[in-house]
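Quick notes on the structure that follows.
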Amino acid sequence: MSNDDCECLGIPHPPADAPQTFVPSPPPADAVFGFVDMHVHTSPDIFGRAIDDDEAARSAQRARMGGIVLKNHASETASRAELLVRRYGFDAWGGIVLNRSVGGLNANAVETIARIEGGRGRVVWLPTVDSNNHRKTLVGSDDGLDVMRDGKPTPELEAVVRACAANDLTLHTGHTAADDAVIVAELAQRHGVRCCITHALFPIIGFTREHVARATEVGATIELCAIGALMGPHSTVPWMRTWGNVDAQACAAYVRDFGPQHFIISSDLGQNGNPIPTDGLRGFAADLGSAGLSPEDIRAMAVDNPRRLLGVRDLRFEEKA
């Protein structure tokens, strides 16, 4: 066919023997649309972080995520989250980790973050780097904070849980070891507090199928984290080489056994040397899909369940789920 015979608006045809040019299709809708990442580490912090609050929020906003939760091992993040909302109109939340820098198991600190202007303080984490379990496991020291005494919740933990109940806050178990974390979940249930087992499958926590069954039976949610697949002896980040690898295949097996309604997926990223949280969560979701989980399962764990834990809703994302 000649150029005169075709309907190409007079645009010349390339020669028949010309190399074919690859024309990419338009990019698909972002795989993390509506996701809420409940475990984002940002700068400034006492540990090295690759991105600051603004960079984390803008990255998530460009990916059309539904929100992020800022976590800091040393200070509250509710005020920082409120500033992100004001600057970008993007949902962010924060809270407080009950390490020694804020007085340990300090119910007054819990009550305070609930009163910070903007209402962005939604999450309370039990001790992490100052927990006795963390100190024993990674430092070899027995000088950390305990949430149990003789197998029972300490009075300080009881007061923290009561403060969470009074202020409608979500309790995460931090670096509490598996047996104690189940007791925390039982205590939370008695007080009507939403509870999440922080990166439950990590060796430092030590959850087994029995622990998952017991925790979910009392209404606790199990957190699965993207960083788990990056840990282990081959990690590019030196400190992560001593943390056992927990890949998407292992996470997917638990989801299949217990049901996606019991899990959330988070990144737990932001450290120097690791992918930024948005990219890490995107890759984790893809790997969970490759491990056999359906898009509906993944959206339940990344959109619906985090919002339920936070006690917030957003119909924009629920309608498209």
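In the structure tokens, the first chain shown is A, the next is B, and so on; residue numbers restart at 1 for each chain, and ligands run from 1 in the order shown.
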I'd like a table as a tab-separated table: residues in range 235-295 of chain A with an atom no more than 9 Å from range 200-215 of chain A, each row giving the shortest atom pair and its distance in Å to one decimal, only C-alpha atoms counted, sorted by chain and rising residue number.
```
residue	atom	partner	partner_atom	distance
A:Trp243	CA	A:Pro203	CA	7.0
A:Gly244	CA	A:Pro203	CA	6.0
A:Asn245	CA	A:Phe202	CA	7.7
A:Val246	CA	A:Phe202	CA	6.6
A:Ala250	CA	A:Leu201	CA	8.9
A:Cys251	CA	A:Leu201	CA	8.0
A:Tyr254	CA	A:Arg209	CA	7.8
A:Phe258	CA	A:Ala213	CA	7.8
```
When DSSP is applied to the backbone of this structure, which of range 84-282 of chain A are assigned alpha helix (DSSP H)? Write them out as a ChimeraX atom specification. /A:84-88,107-115,132-134,155-167,178-190,209-217,248-258,277-282
For the selection you just gave me, I'd like the residues written to a file as a compact mmCIF listing (two decimals), in the first residue's frame, keeping C-alpha atoms.
```
# COMPACT_ATOMS: atom_id res chain seq x y z
CA LEU A 84 2.30 16.95 57.30
CA VAL A 85 -1.49 17.14 57.10
CA ARG A 86 -1.32 20.94 57.13
CA ARG A 87 1.44 21.13 54.52
CA TYR A 88 0.21 18.54 52.03
CA ALA A 107 0.35 6.47 81.07
CA ASN A 108 0.67 10.26 81.30
CA ALA A 109 2.62 10.27 78.03
CA VAL A 110 -0.15 8.19 76.43
CA GLU A 111 -2.82 10.64 77.56
CA THR A 112 -0.75 13.57 76.30
CA ILE A 113 -0.36 12.36 72.71
CA ALA A 114 -4.13 11.94 72.52
CA ARG A 115 -4.51 15.64 73.36
CA ASN A 132 14.04 -6.21 78.20
CA ASN A 133 13.45 -8.68 75.38
CA HIS A 134 15.32 -6.44 72.90
CA PRO A 155 0.65 -2.08 87.15
CA GLU A 156 2.32 0.33 84.72
CA LEU A 157 1.17 -1.71 81.72
CA GLU A 158 -2.34 -1.87 83.15
CA ALA A 159 -2.36 1.93 83.43
CA VAL A 160 -1.15 2.30 79.83
CA VAL A 161 -3.89 0.04 78.52
CA ARG A 162 -6.52 1.93 80.51
CA ALA A 163 -5.22 5.19 79.02
CA CYS A 164 -5.47 3.70 75.51
CA ALA A 165 -9.05 2.65 76.23
CA ALA A 166 -10.01 6.06 77.58
CA ASN A 167 -8.60 7.84 74.52
CA ALA A 178 5.78 -13.72 71.94
CA ASP A 179 4.37 -15.20 75.17
CA ASP A 180 4.13 -11.80 76.82
CA ALA A 181 2.67 -10.21 73.67
CA VAL A 182 -0.21 -12.70 73.78
CA ILE A 183 -0.91 -11.68 77.39
CA VAL A 184 -0.85 -8.03 76.29
CA ALA A 185 -3.40 -8.88 73.59
CA GLU A 186 -5.64 -10.57 76.16
CA LEU A 187 -5.38 -7.53 78.43
CA ALA A 188 -6.21 -5.21 75.54
CA GLN A 189 -9.28 -7.26 74.68
CA ARG A 190 -10.56 -7.03 78.25
CA ARG A 209 1.40 -20.60 64.65
CA GLU A 210 0.22 -21.29 68.18
CA HIS A 211 0.94 -17.68 69.18
CA VAL A 212 -0.86 -16.36 66.10
CA ALA A 213 -3.87 -18.53 66.89
CA ARG A 214 -4.02 -17.35 70.49
CA ALA A 215 -3.54 -13.68 69.62
CA THR A 216 -6.08 -13.60 66.81
CA GLU A 217 -8.58 -15.47 68.98
CA ALA A 248 6.90 -12.97 51.54
CA GLN A 249 6.47 -16.73 51.13
CA ALA A 250 6.55 -17.23 54.90
CA CYS A 251 4.15 -14.32 55.45
CA ALA A 252 1.75 -15.56 52.77
CA ALA A 253 1.60 -19.00 54.38
CA TYR A 254 0.33 -17.49 57.62
CA VAL A 255 -2.25 -15.40 55.77
CA ARG A 256 -3.55 -18.47 53.94
CA ASP A 257 -3.78 -20.42 57.21
CA PHE A 258 -5.48 -17.77 59.34
CA PRO A 277 8.95 2.93 52.60
CA THR A 278 6.73 3.45 49.54
CA ASP A 279 8.98 1.38 47.27
CA GLY A 280 9.49 -1.29 49.91
CA LEU A 281 5.76 -1.67 50.49
CA ARG A 282 5.10 -1.79 46.74
```
Quick one: residues within 12 Å of Gly121 in chain A, only C-alpha atoms counted, chain neighbours fewer than 4 positions away excluded, as JSON, numbers by chain? {"A": [69, 70, 71, 76, 77, 78, 79, 80, 81, 82, 92, 93, 94, 95, 96, 97, 109, 110, 111, 112, 113, 114, 115, 116, 117, 125, 164, 167, 168, 169, 170, 171, 310, 311]}
If you count only C-alpha atoms, which residues fall within 6 Å of range 54-68 of chain A, apart from same-chain ones fewer than 5 positions away, as a PDB file with N, CA and C atoms, in the first residue's frame?
```pdb
ATOM      1  N   VAL A  32      -0.039   0.480  45.070  1.00  0.00           N
ATOM      2  CA  VAL A  32      -0.241   0.798  46.487  1.00  0.00           C
ATOM      3  C   VAL A  32      -1.334   1.846  46.681  1.00  0.00           C
ATOM      4  N   PHE A  33      -2.202   2.021  45.697  1.00  0.00           N
ATOM      5  CA  PHE A  33      -3.302   2.981  45.835  1.00  0.00           C
ATOM      6  C   PHE A  33      -4.111   2.686  47.099  1.00  0.00           C
ATOM      7  N   GLY A  34      -4.249   3.714  47.955  1.00  0.00           N
ATOM      8  CA  GLY A  34      -5.044   3.580  49.163  1.00  0.00           C
ATOM      9  C   GLY A  34      -4.357   2.924  50.338  1.00  0.00           C
ATOM     10  N   PHE A  35      -3.162   2.346  50.133  1.00  0.00           N
ATOM     11  CA  PHE A  35      -2.473   1.652  51.225  1.00  0.00           C
ATOM     12  C   PHE A  35      -2.185   2.618  52.387  1.00  0.00           C
ATOM     13  N   VAL A  36      -2.272   2.105  53.596  1.00  0.00           N
ATOM     14  CA  VAL A  36      -1.859   2.840  54.792  1.00  0.00           C
ATOM     15  C   VAL A  36      -0.690   2.092  55.411  1.00  0.00           C
ATOM     16  N   ASP A  37       0.476   2.723  55.404  1.00  0.00           N
ATOM     17  CA  ASP A  37       1.684   2.121  55.971  1.00  0.00           C
ATOM     18  C   ASP A  37       1.772   2.532  57.437  1.00  0.00           C
ATOM     19  N   MET A  38       1.584   1.582  58.342  1.00  0.00           N
ATOM     20  CA  MET A  38       1.541   1.884  59.762  1.00  0.00           C
ATOM     21  C   MET A  38       2.899   1.803  60.450  1.00  0.00           C
ATOM     22  N   ASP A  91      -3.079  12.337  54.561  1.00  0.00           N
ATOM     23  CA  ASP A  91      -3.293  11.727  55.872  1.00  0.00           C
ATOM     24  C   ASP A  91      -1.998  11.151  56.443  1.00  0.00           C
ATOM     25  N   ALA A  92      -1.684  11.591  57.637  1.00  0.00           N
ATOM     26  CA  ALA A  92      -0.559  11.044  58.387  1.00  0.00           C
ATOM     27  C   ALA A  92      -0.976  10.974  59.851  1.00  0.00           C
ATOM     28  N   THR A 278       7.695   3.655  50.623  1.00  0.00           N
ATOM     29  CA  THR A 278       6.726   3.449  49.538  1.00  0.00           C
ATOM     30  C   THR A 278       7.195   2.364  48.586  1.00  0.00           C
TER      31      THR A 278
END
```
Please provide the set of residues having any atom within 7 Å of Thr198 in chain A, restricted to only C-alpha atoms, with same-chain residues fewer than 4 positions apart removed, written as JSON, numbers by chain. {"A": [172, 173, 174, 222, 223]}
Residues as selected, N, CA and C atoms, written as a PDB file, in the first residue's frame, can you do that?
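Heads up, here's the output in out.pdb:
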```
ATOM      1  N   HIS A 172       0.218  -1.177  70.075  1.00  0.00           N
ATOM      2  CA  HIS A 172       1.108  -2.112  69.397  1.00  0.00           C
ATOM      3  C   HIS A 172       2.094  -2.659  70.433  1.00  0.00           C
ATOM      4  N   THR A 173       2.503  -3.899  70.261  1.00  0.00           N
ATOM      5  CA  THR A 173       3.268  -4.582  71.310  1.00  0.00           C
ATOM      6  C   THR A 173       4.760  -4.287  71.287  1.00  0.00           C
ATOM      7  N   GLY A 174       5.249  -3.514  70.311  1.00  0.00           N
ATOM      8  CA  GLY A 174       6.672  -3.173  70.287  1.00  0.00           C
ATOM      9  C   GLY A 174       7.535  -4.409  70.165  1.00  0.00           C
ATOM     10  N   ILE A 222      -2.081  -9.082  63.394  1.00  0.00           N
ATOM     11  CA  ILE A 222      -0.675  -9.462  63.237  1.00  0.00           C
ATOM     12  C   ILE A 222      -0.047  -8.595  62.150  1.00  0.00           C
ATOM     13  N   GLU A 223       1.063  -7.939  62.481  1.00  0.00           N
ATOM     14  CA  GLU A 223       1.753  -7.094  61.502  1.00  0.00           C
ATOM     15  C   GLU A 223       2.817  -7.905  60.753  1.00  0.00           C
TER      16      GLU A 223
END
```
What is the CA of Pro275 in chain A to CA of Ala300 in chain A distance in Å?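 Computed distance, CA of Pro275 in chain A to CA of Ala300 in chain A, equals 23.4 Å.
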